[in-house]
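I have placed the structure first, in the form of structure tokens, so that the comments after it can refer back to it.
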Protein chains: 2
Amino acid sequence: MADTGATGGESLLFLTDEQLRKGIEAMFFAYRGFTADPDRILGQHDYGRAHHRAIHFVHRQPGLTVTTLLAVLGVTKQSLNRVLRTLIEDGLVESRVGRKDKRERHLHLTPAGAALERELSEAQRVRMRAAYRAAGPQAVAGFRQVLEAMMDTDMRRHYQMLRDGA
Amino acid sequence: MADTGATGGESLLFLTDEQLRKGIEAMFFAYRGFTADPDRILGQHDYGRAHHRAIHFVHRQPGLTVTTLLAVLGVTKQSLNRVLRTLIEDGLVESRVGRKDKRERHLHLTPAGAALERELSEAQRVRMRAAYRAAGPQAVAGFRQVLEAMMDTDMRRHYQMLRDGA
DNA sequence: ATTTTATGTCAGCCTTGTTGACTTTCCAAG
DNA sequence: CTTGGAAAGTCAACAAGGCTGACATAAAAT
């Protein structure tokens, strides 16, 4: 039981290994809840989590290129391509040749893709909304602060870009 | 920018779809950071994330039974067994027949297992500590509140049991 | 004209999840 | 004491979604 190793009045008890451990376990269990609802819906449509991620970011940034999506998702092009191909074949995503640079493919959701996106994100928002409401605005602000500080620098760049409006 | 501090007037601006979306994306990007450091270490040892999870909870609750671990991890017994078997073969985990109920196997880390656990958890703590420090104690409290509210009921039970001391 | 970039594709491999079937051991209730 | 069910383990087969490496094409940039 350490006492307040205070630096400048700040109690540092929240930095004990014990506190950190609780945060680590909270992340583990919460992430499961976070993905549970979309996963159920995806299962019905014969898709997986990877499809969800692609759909999410195409929705968020309509017209983004494959390279950009690759960077945001942090997977290999072969991995993404497998997912993207099925989404295009199934008519959920449209791939348009770039006007300025014809090598680029700009990705958009079709109406069907947008419909699935809404279904997935609404399910996720329902849980998120309940959690936010239960915890309150102050807690939510802290939640976002800690998560942001936890990101890798590259990922934080992408996050902030989307956060502040693409 | 909205004033989020209200408690009596209760500004509900933090529950907008926009705010929820930011939280969702924060979870996605942060979880990647959360697992990045252990993943690197696991790769060197020829293990995966599943091994990490098993090691973590065996460390947390020494002597827990396979059934309990199964419930905490939320995977099938076949899936867990594959991982557990390699850990036992490699001498990181020990499986002891229950004294009271001889059907049960009680799991413990060997010294080698405990060493890997420390390596993994210390890496994870370093990042967590930095994030906590950057965000401050209030933010950390909020972080934990929101995560807890996000869990499925079953998982919250496990979380709280560990949180309050097994 | 040459090099580089963006994209896509084939092939193969690994981890980690799943279902289903079946066995052994052992506790506990009838 | 018998029997039903629980705890654990195993085999087989399959799928999602990561990965590497090699290679091809079109178009931009130098």
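Within each chain, counting starts at residue 1; across the structure tokens, chains are named A, B, ... in the order shown, with ligands numbered 1 upward in that order.
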Give the strand (DSSP E or B) residues of segment 80-144 of chain A, as DSSP finds them on the backbone, and put them as an mmCIF file with N, CA, C and O atoms, in the first residue's frame.
```cif
data_model
loop_
_atom_site.group_PDB
_atom_site.id
_atom_site.type_symbol
_atom_site.label_atom_id
_atom_site.label_comp_id
_atom_site.auth_asym_id
_atom_site.auth_seq_id
_atom_site.Cartn_x
_atom_site.Cartn_y
_atom_site.Cartn_z
ATOM 1 N N VAL A 93 -20.349 -1.953 -52.241
ATOM 2 C CA VAL A 93 -19.333 -0.913 -52.416
ATOM 3 C C VAL A 93 -19.097 -0.731 -53.910
ATOM 4 O O VAL A 93 -19.134 -1.693 -54.680
ATOM 5 N N GLU A 94 -18.891 0.525 -54.277
ATOM 6 C CA GLU A 94 -18.605 0.839 -55.671
ATOM 7 C C GLU A 94 -17.190 1.383 -55.754
ATOM 8 O O GLU A 94 -16.767 2.159 -54.896
ATOM 9 N N SER A 95 -16.463 0.981 -56.787
ATOM 10 C CA SER A 95 -15.088 1.398 -56.967
ATOM 11 C C SER A 95 -14.990 2.219 -58.248
ATOM 12 O O SER A 95 -15.150 1.688 -59.343
ATOM 13 N N ARG A 96 -14.749 3.515 -58.085
ATOM 14 C CA ARG A 96 -14.719 4.398 -59.257
ATOM 15 C C ARG A 96 -13.292 4.810 -59.595
ATOM 16 O O ARG A 96 -12.538 5.231 -58.720
ATOM 17 N N VAL A 97 -12.971 4.742 -60.867
ATOM 18 C CA VAL A 97 -11.651 5.149 -61.332
ATOM 19 C C VAL A 97 -11.469 6.652 -61.078
ATOM 20 O O VAL A 97 -12.383 7.439 -61.321
ATOM 21 N N ARG A 105 -8.493 4.150 -57.199
ATOM 22 C CA ARG A 105 -9.894 3.735 -57.151
ATOM 23 C C ARG A 105 -10.535 4.432 -55.963
ATOM 24 O O ARG A 105 -10.033 4.319 -54.839
ATOM 25 N N HIS A 106 -11.597 5.122 -56.197
ATOM 26 C CA HIS A 106 -12.308 5.821 -55.126
ATOM 27 C C HIS A 106 -13.506 4.993 -54.698
ATOM 28 O O HIS A 106 -14.313 4.580 -55.531
ATOM 29 N N LEU A 107 -13.604 4.753 -53.413
ATOM 30 C CA LEU A 107 -14.613 3.828 -52.891
ATOM 31 C C LEU A 107 -15.836 4.575 -52.361
ATOM 32 O O LEU A 107 -15.700 5.587 -51.659
ATOM 33 N N HIS A 108 -16.997 4.037 -52.696
ATOM 34 C CA HIS A 108 -18.258 4.597 -52.228
ATOM 35 C C HIS A 108 -19.192 3.467 -51.830
ATOM 36 O O HIS A 108 -19.094 2.364 -52.386
ATOM 37 N N LEU A 109 -20.099 3.759 -50.913
ATOM 38 C CA LEU A 109 -21.143 2.794 -50.594
ATOM 39 C C LEU A 109 -22.287 2.937 -51.587
ATOM 40 O O LEU A 109 -22.667 4.053 -51.942
#
```
For the interface of chain B with chain D (cut-off 12 Å, counting only C-alpha atoms (C1' of nucleotides)), please tabulate each contacting residue of chain B alongside its nearest pair of atoms and their separation in Å to one decimal, rows sorted by chain and increasing number, as a Markdown table.
```
| residue | atom | partner | partner_atom | distance |
| --- | --- | --- | --- | --- |
| B:Gly48 | CA | D:DG18 | C1' | 11.6 |
| B:Thr65 | CA | D:DA7 | C1' | 9.3 |
| B:Val66 | CA | D:DA8 | C1' | 7.9 |
| B:Thr67 | CA | D:DA7 | C1' | 7.5 |
| B:Thr68 | CA | D:DA7 | C1' | 10.8 |
| B:Leu70 | CA | D:DA8 | C1' | 11.6 |
| B:Lys77 | CA | D:DG9 | C1' | 9.0 |
| B:Gln78 | CA | D:DT10 | C1' | 8.6 |
| B:Ser79 | CA | D:DG9 | C1' | 11.8 |
| B:Leu80 | CA | D:DG9 | C1' | 11.1 |
| B:Asn81 | CA | D:DG9 | C1' | 7.9 |
| B:Arg82 | CA | D:DT10 | C1' | 10.1 |
| B:Leu84 | CA | D:DG9 | C1' | 11.2 |
| B:Arg85 | CA | D:DG9 | C1' | 10.0 |
| B:Ser95 | CA | D:DA8 | C1' | 11.3 |
| B:Val97 | CA | D:DA8 | C1' | 10.6 |
| B:Gly98 | CA | D:DA7 | C1' | 10.7 |
| B:Asp101 | CA | D:DA7 | C1' | 9.4 |
| B:Lys102 | CA | D:DA7 | C1' | 9.0 |
| B:Arg103 | CA | D:DA7 | C1' | 5.3 |
| B:Glu104 | CA | D:DA7 | C1' | 5.8 |
| B:Arg105 | CA | D:DA8 | C1' | 7.7 |
| B:His106 | CA | D:DA8 | C1' | 11.1 |
```
- Would you kindly report the residues of chain C within 12 Å of chain B, using only C-alpha atoms (C1' of nucleotides), as a PyMOL selection string? chain C and resi 14-20+24-28
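Nearest to Leu42 of chain B of all the residues B:Ile55, B:Leu120, B:Ala71, B:Met27 is B:Leu120, based on only C-alpha atoms.
The two copies, chain A and chain B, share one sequence, and their C-alpha RMSD after a least-squares fit comes to 2.0 Å.
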- Query: Residues of chain A within 9 Å of chain B, using only C-alpha atoms, as an MDAnalysis selection string?
  - Reply: chainID A and resid 10:17 20:34 36 73 121 124:125 127:152 155:156 158:159 162:163
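One distance worth recording is that between atom CA of Ala54 of chain B and atom CA of Glu117 of chain B, which is 10.0 Å.
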- Write down as a PyMOL selection string the residues of chain B whose backbone DSSP state falls under alpha helix (DSSP H). chain B and resi 17-44+49-60+66-73+77-89+111-135+137-150+153-163
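Atom pair atom CA of Lys100 of chain A / atom CA of Leu87 of chain A has a distance of 24.7 Å (rounded to one decimal).
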